[in-house]
Amino acid sequence: MNPELGNFALALACGIAAGQAILPLIGAQRRDPRLMGLAPALAVGQMLCLITSFACLIHAAITNDFSVQNVAANSAVDKPLLYKITGVWGNHEGSVLLWAMILSICGGAVALFGRNLPSALQARVIAVLGGVAAGFELFCLLTSNPFARVWPAPMDGQGMNPLLQDPGLAFHPPILYTGYVGFAVPFAFAIAALIEGRVDAAWGRWVRPWAVAAWCFLTCGIALGSWWSYYVLGWGGYWFWDPVENASLIPWLTGTALVHSAIVVEKREGLKIWTVLLAIGTFSFSLSGTFLVRSGILNSVHAFANDPARGIFILGLLALVIGGSLLLFAMRAPQLTTGGLFAPVSREGLLVLNNILLCSICAVVLTGTMYPPFMSLLFGKTISVGKPFFDATTIPLAIPLMAFMGFGPMMPWKRAHMWPVLRRLWWAAGLSLVALVVAVMRMRDILPILATAMAVWVIASSATDVIERLRLFRQPLSASIRRARSLPRAVFGAALAHAGVGVTVLGLAGMSQASHRIVEVHIGQTEMLAGDAWTLTDVRNAKGPNYDAMIATIEVRHNGRLITTLHPAKRTFASQHQTTTEVAIHTNLISDTYGVLGDKHGTDADPTYVLRLHHNPLAPWMWLGGLVMAIGGALSLSDRRVRVGAPRRAQAANMVTPA
């Protein structure tokens with residue numbers, strides 16, 4: 001498996017993707033079964049080619065083939081094997097190839113698992129995916145070829161960024177990219193529906209599993225990235241409204257709205273045009289995030305520094321995909337028939353309100369992220385939009401969103417009355433009131449207090465929905481267990497996902513009460529923080545595979561009883577001339593005891609060391625909530641009705657003349 005084979009496989013995949021983008025569309029237009037039948041085979045062929053290409057790049061990294069420029073710039077002989085593999089996607093060229101491979105896997109999945117789709121619709125969906133894939137593969141070949149050679153080949157490589165030499169990197173980018181790219185499938189369904197001129201309940205049922213799967217991966221990717229910044233960067237926080245963090249949050253918000261609006265299409269054949277627009281917008285934001293990271297516009301710890309040619313290429317691809325899809329939407333969407341009328345007070349009405357608030361938060365985050373680069377571009381002014389702006393603008397929108405989340409699952413479709421719903425939610429309201437009182441006693445600011453109450457409200461109301469469906473406490477337990485076995489797993493999945501939001505918000509509210517100190521101490525000196533005694537007992541030197549380390553030992557005691565011993569460290573990488581911090585964290589799932597070792601001062605005979613000490617209440621709940629959300633989505637996907645049960649299409653409903 002040499003680099004030439006990988007380069008050839010990439011070029012072959014690009015040619016197949018071009019055919020995949022053209023031939024099935026012609027076949028669907030002409031109703032030619034032979035051309036439409038090519039779509040699955042081309043999609044699977046492209047997928048196999050890109051998997052081969054990516055495997056060749058990994059093989060080059062493992063075997064230290066420094067004649068490949070990508071390997072020479074991002075690997076080294078003494079780098080551990082795990083990081084040789086993860087370094088493949090820890091750089092620009094490798095990450096774009098990973099993106100293209102995941103996109104091809106999505107196309108292959110539609111080919112293999114979409115056999116119950118109408119042949120014309122499947123052909124159009126695969127063709128759209130092929131067109132997007134061809135653009136990224138051209139980008140790889142023309143401006144970001146991961147198999148470019150360097151001559152003469154160096155004896156050793158430069159090694160990867162030490163910040164990325166962490167196990168979290170083995171999972172964060174692939175999971176995040178799967179979430180990003182997964183929304184290409186709903187996007188392709190939306191474009192196919194606009195070409196065909198048809199959106200109905202069957203379309204909603206087909207789109208929803210792909211949207212939920214992408215949402216689950218994106219949720220895990222964002223949570224893992226947040227956790228990585230918490231324990232690797234050593235800043236003591238979890239989310240800093242970094243522009244690239246925001247680039248992943250924006251499609252998550254619109255993707256969440258898409259998942260909910262697709263339910264309305266499926267159940268009531270309403271919000272058709274809006275759902276199509278959300279599918280286009282979510283993938284467009286995923287592509288925009290790629291452009292922002294790869295073009296070098298955003299100044300971020302995550303961003304890759306690249307030449308302008310790459311940014312121009314992605315900008316052109318972005319204009320073609322997003323501009324073309326929005327133009328098609330403007331031309332075809334008005335011809336789609338509306339349907340599914342409903343009263344404002346109904347489940348549909350609350351889902352619409354949910355969409356409005358999610359998209360409002362998205363607009364705020366997008367504005368705050370893009371305002372600084374636009375001001376710099378237009379007026380040459382350097383400004384910063386940071387945490388105070390985002391907190392002050394998003395939290396007031398998030399609190400009513402959580403308030404309405406509690407009512408949504410309990411509301412009947414089409415028309416509802418509030419009193420019966422309120423009567424069933426009385427104990428959830430009581431628990432949130434108790435939480436509000438406790439928060440007032442323990443917290444200082446109004447927003448964390450309200451967030452705590454709303455988080456408990458969401459968790460309790462999610463539990464109430466399941467309790468009501470099982471008729472717990474109103475019939476024998478054996479009867480409730482029988483009802484649980486017959487209840488669709490999607491019901492439990494939705495309740496879990498909503499409860500996960502509440503758990504994450506509780507973690508955020510707890511972190512608002514975090515305390516920290518920066519101290520300079522001698523060995524043996526004790527400092528107090530959050531009622532605990534922190535004592536630096538030792539500092540020693542150690543040698544790693546490709547770095548030298550200084551490791552501290554900190555004992556943390558409460559009322560004289562040893563709670564934990566922390567070992568924060570500083571690592572110096574000679575090949576990159578860079579120093580990184582290794583955070584030490586002890587958690588009991590209620591709070592984190594968090595220590596960071598800083599610089600050494602003084603003389604060797606009487607040294608002092610800078611320590612950053614943190615006590616972070618409820619910090620683990622933030623990532624636990626993200627995991628619960630993703631598990632809820634996966635549980636919904638495990639429901640056979642969601643995966644394979646699509647209603648039969650009506651023969652003439654929602655039809656317009658094909659383009």
# chains A, B, ... in the order shown; residues from 1 in each chain; ligands from 1
$ residues_around --residues "stretch 543-547 of chain A" --least-positions-apart "2" --cutoff "6 Å" --atoms "only C-alpha atoms" --output "PyMOL selection string"
chain A and resi 549+572-573
$ select_by_dssp --residues "stretch 182-293 of chain A" --states "alpha helix (DSSP H)" --output "PyMOL selection string"
chain A and resi 182+184-196+201-231+243-268+272-293
$ atom_distance --atom1 "atom CA of A:Leu378" --atom2 "atom CA of A:Leu318"
20.9 Å
$ residues_around --residues "A:Gly408" --least-positions-apart "3" --cutoff "12 Å" --atoms "only C-alpha atoms" --output "ChimeraX atom specification"
/A:260,345-354,401-405,411-413,416,418,421-422,425,458,461-462,464-465,494-495,498
$ residues_around --residues "A:Ala509" --least-positions-apart "4" --cutoff "10 Å" --atoms "only C-alpha atoms" --output "list in words"
Ala439, Met443, Asp445, Leu447, Pro448, Ile449, Leu450, Ala451, Thr452, Ala453, Ala455, Val503, Thr504, Val505, Gln513, Ala514, Pro617, Leu618, Ala619 and Met622 of chain A
$ write_last_selection --atoms "C-alpha atoms" --output "mmCIF file, in the first residue's frame"
data_model
loop_
_atom_site.group_PDB
_atom_site.id
_atom_site.type_symbol
_atom_site.label_atom_id
_atom_site.label_comp_id
_atom_site.auth_asym_id
_atom_site.auth_seq_id
_atom_site.Cartn_x
_atom_site.Cartn_y
_atom_site.Cartn_z
ATOM 1 C CA ALA A 439 -30.348 27.782 43.773
ATOM 2 C CA MET A 443 -25.915 30.955 43.765
ATOM 3 C CA ASP A 445 -26.412 35.486 39.708
ATOM 4 C CA LEU A 447 -29.186 33.519 35.091
ATOM 5 C CA PRO A 448 -27.597 30.425 36.720
ATOM 6 C CA ILE A 449 -30.492 30.357 39.191
ATOM 7 C CA LEU A 450 -33.071 30.332 36.391
ATOM 8 C CA ALA A 451 -30.997 27.813 34.414
ATOM 9 C CA THR A 452 -30.965 25.433 37.388
ATOM 10 C CA ALA A 453 -34.734 25.620 37.777
ATOM 11 C CA ALA A 455 -32.886 22.172 33.951
ATOM 12 C CA VAL A 503 -28.194 17.453 32.853
ATOM 13 C CA THR A 504 -25.845 19.531 30.668
ATOM 14 C CA VAL A 505 -27.482 22.789 31.774
ATOM 15 C CA GLN A 513 -20.025 28.850 40.755
ATOM 16 C CA ALA A 514 -16.506 27.493 40.210
ATOM 17 C CA PRO A 617 -18.944 22.013 40.936
ATOM 18 C CA LEU A 618 -21.026 19.709 38.676
ATOM 19 C CA ALA A 619 -18.410 19.903 35.897
ATOM 20 C CA MET A 622 -21.816 18.812 31.183
#
$ atom_distance --atom1 "atom CA of A:Leu224" --atom2 "atom CA of A:Thr178"
13.3 Å
$ atom_distance --atom1 "atom CA of A:Ile51" --atom2 "atom CA of A:Gly87"
17.0 Å
$ closest_residue --among "A:Gly270, A:Gly502, A:Gly386, A:Pro568" --to "A:Thr369" --atoms "only C-alpha atoms"
A:Gly386
$ select_by_dssp --residues "stretch 446-543 of chain A" --states "strand (DSSP E or B)" --output "list in words"
Ser515, His516, Arg517, Ile518, Val519, Glu520, Val521, Thr526, Glu527, Met528, Leu529, Asp532, Ala533, Trp534, Thr535, Leu536, Thr537, Asp538, Val539, Arg540, Asn541, Ala542 and Lys543 of chain A
$ write_last_selection --atoms "C-alpha atoms" --output "mmCIF file, in the first residue's frame"
data_model
loop_
_atom_site.group_PDB
_atom_site.id
_atom_site.type_symbol
_atom_site.label_atom_id
_atom_site.label_comp_id
_atom_site.auth_asym_id
_atom_site.auth_seq_id
_atom_site.Cartn_x
_atom_site.Cartn_y
_atom_site.Cartn_z
ATOM 1 C CA SER A 515 -13.674 28.918 42.303
ATOM 2 C CA HIS A 516 -9.984 29.099 41.474
ATOM 3 C CA ARG A 517 -6.695 30.537 42.651
ATOM 4 C CA ILE A 518 -3.293 31.129 41.052
ATOM 5 C CA VAL A 519 -0.550 30.785 43.662
ATOM 6 C CA GLU A 520 3.248 30.588 43.798
ATOM 7 C CA VAL A 521 4.391 28.136 46.439
ATOM 8 C CA THR A 526 -0.288 24.660 51.755
ATOM 9 C CA GLU A 527 -2.996 26.848 50.204
ATOM 10 C CA MET A 528 -6.742 26.834 50.881
ATOM 11 C CA LEU A 529 -9.480 26.710 48.207
ATOM 12 C CA ASP A 532 -9.801 22.163 50.994
ATOM 13 C CA ALA A 533 -6.091 22.288 51.835
ATOM 14 C CA TRP A 534 -3.828 21.946 48.777
ATOM 15 C CA THR A 535 -0.191 21.023 49.569
ATOM 16 C CA LEU A 536 2.626 20.817 47.028
ATOM 17 C CA THR A 537 4.665 17.860 48.338
ATOM 18 C CA ASP A 538 7.080 17.132 45.489
ATOM 19 C CA VAL A 539 8.234 18.076 41.982
ATOM 20 C CA ARG A 540 10.267 15.605 39.897
ATOM 21 C CA ASN A 541 11.616 15.294 36.371
ATOM 22 C CA ALA A 542 10.709 12.437 34.019
ATOM 23 C CA LYS A 543 11.303 11.464 30.395
#
$ residues_around --residues "A:Arg489" --least-positions-apart "4" --cutoff "9 Å" --atoms "only C-alpha atoms" --output "MDAnalysis selection string"
chainID A and resid 484:485 493:494 635:640
$ residues_around --residues "stretch 73-83 of chain A" --least-positions-apart "3" --cutoff "8 Å" --atoms "only C-alpha atoms" --output "list in words"
Ala61, Ile62, Asn64, Gln69, Asn70, Thr86, Gly87, Val88, Gly90, Asn91, Asp156, Gly157, Gln158, Gly159, Met160, Asn161, Gln165, Asp166, Pro167, Ala170, Pro545 and Asn546 of chain A
$ closest_atom_pairs --of "stretch 192-291 of chain A" --to "stretch 123-141 of chain A" --cutoff "12 Å" --atoms "only C-alpha atoms" --output "Markdown table"
| residue | atom | partner | partner_atom | distance |
| --- | --- | --- | --- | --- |
| A:Ala192 | CA | A:Arg124 | CA | 5.4 |
| A:Ala193 | CA | A:Arg124 | CA | 8.8 |
| A:Leu194 | CA | A:Arg124 | CA | 10.4 |
| A:Ile195 | CA | A:Arg124 | CA | 8.4 |
| A:Glu196 | CA | A:Arg124 | CA | 8.9 |
| A:Trp203 | CA | A:Val125 | CA | 11.9 |
| A:Trp206 | CA | A:Val125 | CA | 11.5 |
| A:Val207 | CA | A:Val125 | CA | 11.0 |
| A:Phe283 | CA | A:Val132 | CA | 11.0 |
| A:Ser284 | CA | A:Val132 | CA | 11.4 |
| A:Leu287 | CA | A:Val132 | CA | 10.3 |
| A:Thr290 | CA | A:Phe136 | CA | 11.0 |
| A:Phe291 | CA | A:Phe136 | CA | 11.6 |
$ residues_around --residues "A:Val364" --least-positions-apart "4" --cutoff "12 Å" --atoms "only C-alpha atoms" --output "PyMOL selection string"
chain A and resi 246+249-250+253+357-360+368-371+385+389-398
